[in-house]
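**Q** File name upload.cif; file contents mmCIF, C-alpha atoms and all ligand atoms; full text below.
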data_run
loop_
_atom_site.label_atom_id
_atom_site.label_comp_id
_atom_site.auth_asym_id
_atom_site.auth_seq_id
_atom_site.Cartn_x
_atom_site.Cartn_y
_atom_site.Cartn_z
CA MET A 1 -79.60 56.04 165.73
CA LYS A 2 -80.57 53.72 168.60
CA LYS A 3 -84.27 53.54 169.51
CA ILE A 4 -85.80 54.25 172.92
CA ALA A 5 -88.47 52.00 174.41
CA ILE A 6 -91.15 53.70 176.49
CA ILE A 7 -92.79 50.98 178.57
CA MET A 8 -95.71 51.64 180.89
CA GLY A 9 -97.04 49.25 183.51
CA SER A 10 -100.63 50.08 182.64
CA ALA A 11 -102.57 52.09 180.07
CA SER A 12 -103.45 54.33 183.03
CA ASP A 13 -99.83 55.63 182.86
CA LEU A 14 -100.41 56.97 179.35
CA ALA A 15 -100.17 60.70 180.17
CA ILE A 16 -96.58 60.29 181.40
CA ALA A 17 -95.67 58.14 178.40
CA GLN A 18 -97.12 60.85 176.16
CA ASP A 19 -94.82 63.48 177.70
CA ALA A 20 -91.81 61.23 177.08
CA ALA A 21 -92.96 60.48 173.52
CA ASN A 22 -93.51 64.18 172.70
CA THR A 23 -90.00 65.00 173.88
CA LEU A 24 -88.38 62.21 171.84
CA LYS A 25 -90.41 63.29 168.81
CA GLN A 26 -89.22 66.89 169.27
CA LEU A 27 -85.62 65.58 169.09
CA ASP A 28 -86.23 63.20 166.15
CA ILE A 29 -85.31 60.16 168.24
CA PRO A 30 -87.00 56.91 167.15
CA PHE A 31 -89.06 55.19 169.83
CA VAL A 32 -91.73 52.60 170.54
CA VAL A 33 -94.42 52.75 173.23
CA LYS A 34 -95.61 49.58 175.00
CA VAL A 35 -97.86 48.49 177.85
CA CYS A 36 -96.12 45.71 179.72
CA SER A 37 -96.50 44.99 183.42
CA ALA A 38 -93.88 43.51 185.76
CA HIS A 39 -96.67 41.77 187.68
CA ARG A 40 -99.41 41.10 185.13
CA THR A 41 -97.26 40.17 182.12
CA PRO A 42 -93.82 39.22 183.55
CA ASP A 43 -92.92 36.86 180.69
CA LYS A 44 -93.61 39.54 178.09
CA LEU A 45 -91.44 42.02 179.99
CA GLN A 46 -88.61 39.52 180.31
CA ALA A 47 -88.72 38.69 176.60
CA PHE A 48 -88.74 42.35 175.58
CA ALA A 49 -86.04 43.59 177.95
CA SER A 50 -83.66 40.67 177.39
CA SER A 51 -83.70 41.15 173.60
CA ALA A 52 -83.85 44.99 173.60
CA ARG A 53 -80.14 45.49 172.84
CA GLU A 54 -80.13 43.19 169.82
CA GLU A 55 -83.39 44.82 168.66
CA GLY A 56 -81.57 48.15 168.36
CA PHE A 57 -82.64 49.94 171.51
CA GLY A 58 -80.25 52.26 173.36
CA ALA A 59 -82.19 52.75 176.60
CA LEU A 60 -85.51 51.89 178.22
CA ILE A 61 -87.92 54.24 179.97
CA CYS A 62 -90.11 52.35 182.46
CA ILE A 63 -93.17 54.09 183.90
CA ALA A 64 -95.08 52.46 186.74
CA GLY A 65 -97.09 53.27 189.84
CA LEU A 66 -97.93 51.61 193.19
CA ALA A 67 -95.52 48.74 194.04
CA ALA A 68 -93.56 49.72 190.95
CA HIS A 69 -91.23 46.91 189.90
CA LEU A 70 -91.27 47.57 186.18
CA ALA A 71 -87.95 49.44 185.92
CA GLY A 72 -86.12 47.08 188.27
CA ALA A 73 -87.49 43.96 186.60
CA ALA A 74 -86.47 45.31 183.17
CA ALA A 75 -83.00 46.30 184.45
CA ALA A 76 -82.54 42.74 185.70
CA GLN A 77 -82.84 41.52 182.10
CA THR A 78 -80.53 43.95 180.27
CA THR A 79 -77.34 45.97 180.59
CA LEU A 80 -78.92 48.83 178.63
CA PRO A 81 -79.54 51.96 180.74
CA VAL A 82 -83.00 51.88 182.33
CA VAL A 83 -84.69 55.12 183.38
CA GLY A 84 -87.51 54.64 185.89
CA VAL A 85 -90.43 57.04 186.16
CA PRO A 86 -92.56 56.63 189.28
CA ALA A 87 -96.21 57.24 188.43
CA GLN A 88 -98.55 59.14 190.72
CA SER A 89 -101.43 56.81 191.56
CA GLY A 90 -103.26 55.25 194.49
CA HIS A 91 -103.46 56.35 198.12
CA LEU A 92 -99.77 57.25 198.43
CA ASP A 93 -99.67 59.58 195.40
CA GLY A 94 -96.53 58.09 193.86
CA ILE A 95 -94.33 58.01 196.98
CA ASP A 96 -94.70 54.21 196.96
CA ALA A 97 -93.63 54.02 193.31
CA LEU A 98 -90.74 56.43 193.90
CA LEU A 99 -89.29 54.30 196.68
CA SER A 100 -89.92 51.03 194.81
CA THR A 101 -88.18 52.37 191.71
CA VAL A 102 -85.24 54.15 193.29
CA GLN A 103 -84.20 51.58 195.89
CA MET A 104 -82.42 49.12 193.61
CA PRO A 105 -79.91 46.64 195.05
CA SER A 106 -76.23 47.06 194.24
CA GLY A 107 -75.32 45.68 190.81
CA VAL A 108 -78.58 46.46 189.00
CA PRO A 109 -78.94 50.23 188.62
CA VAL A 110 -82.05 52.18 187.61
CA ALA A 111 -81.77 55.93 186.97
CA THR A 112 -84.89 57.23 188.67
CA VAL A 113 -86.38 60.61 187.73
CA ALA A 114 -89.03 62.56 189.65
CA ILE A 115 -92.62 61.35 190.07
CA GLY A 116 -94.42 61.77 186.75
CA ALA A 117 -91.34 63.19 184.98
CA GLY A 118 -91.78 61.68 181.53
CA ARG A 119 -90.09 64.63 179.82
CA ASN A 120 -86.98 64.40 182.00
CA ALA A 121 -86.79 60.64 181.39
CA ALA A 122 -86.75 61.29 177.66
CA LEU A 123 -84.20 64.10 177.97
CA LEU A 124 -81.92 61.88 180.06
CA CYS A 125 -82.08 59.15 177.39
CA ALA A 126 -81.38 61.78 174.72
CA GLN A 127 -78.33 62.94 176.69
CA MET A 128 -77.08 59.34 176.79
CA LEU A 129 -77.45 58.99 173.02
CA ALA A 130 -75.83 62.40 172.53
CA ILE A 131 -72.56 61.11 174.03
CA THR A 132 -71.80 59.72 170.57
CA ASP A 133 -74.10 61.91 168.45
CA ASP A 134 -72.98 65.52 167.88
CA ARG A 135 -76.15 66.52 166.02
CA LEU A 136 -78.29 65.44 168.96
CA ALA A 137 -75.91 67.18 171.39
CA ASP A 138 -76.41 70.42 169.42
CA GLN A 139 -80.20 69.97 169.57
CA LEU A 140 -80.03 69.52 173.35
CA THR A 141 -77.90 72.66 173.68
CA ALA A 142 -80.45 74.59 171.59
CA LEU A 143 -83.28 73.29 173.79
CA ARG A 144 -81.49 74.46 176.95
CA LYS A 145 -80.88 77.88 175.36
CA HIS A 146 -84.56 78.16 174.48
CA MET A 147 -85.48 77.24 178.08
CA THR A 148 -83.07 79.82 179.51
CA GLU A 149 -84.44 82.53 177.21
CA GLY A 150 -87.97 81.61 178.28
CA VAL A 151 -87.09 82.17 181.95
CA ALA A 152 -85.41 85.51 181.13
CA GLN A 153 -88.52 86.62 179.23
CA LYS A 154 -90.83 85.67 182.13
CA ASP A 155 -88.51 87.48 184.52
CA GLU A 156 -88.77 90.64 182.44
CA GLU A 157 -92.57 90.40 182.05
CA ILE A 158 -93.17 89.84 185.77
CA SER A 159 -90.70 92.53 186.88
CA ARG A 160 -92.41 95.00 184.51
CA LEU A 161 -95.84 94.06 185.87
CA PHE A 162 -94.80 94.77 189.46
CA THR A 163 -93.00 97.97 188.52
CA LEU A 164 -96.20 99.24 186.86
CA ASN A 165 -98.31 98.21 189.87
CA GLU A 166 -95.95 100.04 192.18
CA LYS A 167 -96.19 103.25 190.09
CA GLU A 168 -100.02 103.04 190.10
CA ASN A 169 -100.03 102.73 193.90
CA HIS A 170 -98.05 105.97 194.35
C1 LIG B 1 -99.05 49.92 188.13
O1 LIG B 1 -100.20 50.08 188.86
C2 LIG B 1 -99.26 50.70 186.86
O2 LIG B 1 -98.05 51.16 186.39
C3 LIG B 1 -100.18 51.82 187.27
O3 LIG B 1 -99.48 53.01 187.54
C4 LIG B 1 -100.81 51.29 188.54
C5 LIG B 1 -102.29 51.10 188.41
O4 LIG B 1 -102.55 50.24 187.32
P1 LIG B 1 -104.06 49.98 186.83
O5 LIG B 1 -104.73 49.27 187.95
O6 LIG B 1 -104.63 51.33 186.52
O7 LIG B 1 -103.92 49.11 185.59
O8 LIG B 1 -98.78 48.60 187.82
#
Rewrite the coordinates I just gave you, this time as C-alpha cells.

**A**
Amino acid sequence: MKKIAIIMGSASDLAIAQDAANTLKQLDIPFVVKVCSAHRTPDKLQAFASSAREEGFGALICIAGLAAHLAGAAAAQTTLPVVGVPAQSGHLDGIDALLSTVQMPSGVPVATVAIGAGRNAALLCAQMLAITDDRLADQLTALRKHMTEGVAQKDEEISRLFTLNEKENH
C-alpha cells in the first residue's frame, strides 16, 4: 500500500498531525510524520515533495498556520494529491491559513479541509487510496456505519432524556 506523509509547518501543529496519524493508524495505512516549513526550511520541503512519488507515497497532508504556504509549496513540487489543513494560530485564528491554503492558482490544486481538520485530511487520503483497494474501501464503509449508529444512539438517549423530563414536569 502507498504511504501517506503528514507534514507540519511547525512542531506547534502537532495536535492536528496527531489526529491525522491516529486516523491513519486506525485504518492500518502506513505513514510518516515530519516537521518541514515552507518558509524556514524550503530546500528540505522541495527535496521531500519532489521525490515523494518515487519514495512510495500516495498523498501528502500539509498542516500549517498563519501565512500558510506549506501545502501550496509542496503541491508545486509533485503531482501527488496534496491535502492542506489550515492550522488555528495567531491573531486571525486560522482564517489567514484557510485563505492561504485554499486559494491556489489554476494548475496546482490543493484539496483544503476545514481549519484543524486532521482527521478529515486522513480520511480523504484514505478514500483516495481506497479507489484501488477494496479492503480499505470496506473499512471506510464500516467506519461510516459506526458513525451513523453513534448518531442514532445519541438521538435515542437525548430523546429519552427529554421525554422523562417532560413526564416529571406534569
Ligand atoms: C506556521 O506558523 C506553522 O505551521 C504554525 O502553525 C505557525 C506558527 O509556527 P511557530 O512559530 O509556532 O513555529 O508556519

**Q** What do you get as an NGL selection string if you pick all residues at most 10 Å from ligand LIG 1 (chain B), counting all atoms listed in the file?

**A** :A and (7-14 or 16 or 35-40 or 62-70 or 85-90 or 94 or 97)

**Q** Could you list, as a list of chain:residue names, every residue within 12 Å of A:Gln26, counting all atoms listed in the file and ignoring same-chain residues fewer than 5 positions away?

**A**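 What passes the distance filter is A:Asp19, A:Ala20, A:Ala21, A:Phe31, A:Arg119, A:Ala122, A:Leu123, A:Ala126, A:Leu136, A:Gln139, A:Leu140, A:Ala142, A:Leu143.
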
**Q** Build an axis-aligned box that encloses every atom of stretch 95-99 of chain A listed in the file, pad it by 6 Å on each side, and report its centre and edge lengths in Å to one decimal, as AutoDock Vina command-line options.

**A**
--center_x -92.0 --center_y 56.0 --center_z 195.1 --size_x 17.4 --size_y 16.0 --size_z 15.7

**Q** Using only C-alpha atoms, which protein or nucleic acid residues come within 9 Å of A:Pro30? Drop anything in the same chain fewer than 4 positions from it, and give the result as number ranges by chain.

**A** A: 1-5, 24-25

**Q** Kindly extract all protein, DNA and RNA residues lying within 12 Å of the coordinates (-85.0, 47.2, 186.5) given in the file, considering only C-alpha atoms, and supply them as a ChimeraX atom specification.

**A** /A:7,38,45-46,49-50,59-64,68-85,100-112

**Q** With distances taken over all atoms listed in the file, which residue among A:Leu27, A:Glu54, A:Glu168, A:Val113 lies nearest A:Ala130?

**A**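 Checking each of A:Leu27, A:Glu54, A:Glu168, A:Val113 against A:Ala130, counting all atoms listed in the file, the winner is A:Leu27.
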
**Q** Distance atom CA of A:Asp138-atom CA of A:Val33, one decimal place?

**A**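 A separation of 25.5 Å between them.
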
**Q** Could you work out how far atom CA of A:His146 lies from atom CA of A:Asp28, giving the answer in Å with one decimal?

**A**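 Spanning atom CA of A:Asp28 to atom CA of A:His146 is a straight-line distance of 17.2 Å.
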
**Q** Could you jot down the atom CA of A:Met147 to atom CA of A:Asp93 separation for me, Å, one decimal place?

**A**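 According to the coordinates, atom CA of A:Met147 and atom CA of A:Asp93 are separated by 28.5 Å.
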
**Q** Would you mind telling me which residue in A:Ile29, A:Ala15, A:Ile131, A:Ile6 lies nearest to A:Phe48 when using all atoms listed in the file?

**A**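 Selected residue with least distance to A:Phe48: A:Ile6.
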
**Q** Pop stretch 117-156 of chain A out of the structure in the block and write C-alpha atoms as a PDB file, in the first residue's frame.

**A**
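Result saved to selection-v4.pdb:
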ATOM      1  CA  ALA A 117      -9.388  19.011  10.491  1.00  0.00           C
ATOM      2  CA  GLY A 118      -6.576  16.475  10.734  1.00  0.00           C
ATOM      3  CA  ARG A 119      -8.984  13.535  10.877  1.00  0.00           C
ATOM      4  CA  ASN A 120     -10.809  14.582   7.716  1.00  0.00           C
ATOM      5  CA  ALA A 121      -7.484  15.072   5.911  1.00  0.00           C
ATOM      6  CA  ALA A 122      -6.548  11.498   6.767  1.00  0.00           C
ATOM      7  CA  LEU A 123      -9.974  10.155   5.784  1.00  0.00           C
ATOM      8  CA  LEU A 124      -9.784  11.959   2.441  1.00  0.00           C
ATOM      9  CA  CYS A 125      -6.366  10.396   1.745  1.00  0.00           C
ATOM     10  CA  ALA A 126      -7.760   7.002   2.766  1.00  0.00           C
ATOM     11  CA  GLN A 127     -10.646   7.474   0.324  1.00  0.00           C
ATOM     12  CA  MET A 128      -8.129   8.217  -2.445  1.00  0.00           C
ATOM     13  CA  LEU A 129      -6.187   5.031  -1.676  1.00  0.00           C
ATOM     14  CA  ALA A 130      -9.452   3.087  -1.450  1.00  0.00           C
ATOM     15  CA  ILE A 131     -10.177   3.778  -5.143  1.00  0.00           C
ATOM     16  CA  THR A 132      -7.901   0.819  -5.891  1.00  0.00           C
ATOM     17  CA  ASP A 133      -8.048  -1.000  -2.539  1.00  0.00           C
ATOM     18  CA  ASP A 134     -11.250  -2.926  -1.766  1.00  0.00           C
ATOM     19  CA  ARG A 135     -10.176  -3.891   1.759  1.00  0.00           C
ATOM     20  CA  LEU A 136      -9.664  -0.247   2.660  1.00  0.00           C
ATOM     21  CA  ALA A 137     -12.978   0.687   0.997  1.00  0.00           C
ATOM     22  CA  ASP A 138     -14.722  -1.875   3.236  1.00  0.00           C
ATOM     23  CA  GLN A 139     -13.004  -0.405   6.313  1.00  0.00           C
ATOM     24  CA  LEU A 140     -14.208   3.080   5.368  1.00  0.00           C
ATOM     25  CA  THR A 141     -17.753   1.783   4.891  1.00  0.00           C
ATOM     26  CA  ALA A 142     -17.597   0.148   8.338  1.00  0.00           C
ATOM     27  CA  LEU A 143     -16.345   3.404   9.874  1.00  0.00           C
ATOM     28  CA  ARG A 144     -19.251   5.348   8.340  1.00  0.00           C
ATOM     29  CA  LYS A 145     -21.717   2.726   9.629  1.00  0.00           C
ATOM     30  CA  HIS A 146     -20.231   3.016  13.119  1.00  0.00           C
ATOM     31  CA  MET A 147     -20.565   6.825  12.929  1.00  0.00           C
ATOM     32  CA  THR A 148     -24.194   6.600  11.783  1.00  0.00           C
ATOM     33  CA  GLU A 149     -25.035   4.163  14.583  1.00  0.00           C
ATOM     34  CA  GLY A 150     -23.391   6.519  17.082  1.00  0.00           C
ATOM     35  CA  VAL A 151     -25.659   9.386  15.989  1.00  0.00           C
ATOM     36  CA  ALA A 152     -28.755   7.143  16.181  1.00  0.00           C
ATOM     37  CA  GLN A 153     -27.772   6.087  19.710  1.00  0.00           C
ATOM     38  CA  LYS A 154     -27.290   9.713  20.837  1.00  0.00           C
ATOM     39  CA  ASP A 155     -30.621  10.613  19.256  1.00  0.00           C
ATOM     40  CA  GLU A 156     -32.339   7.891  21.275  1.00  0.00           C
TER      41      GLU A 156
END
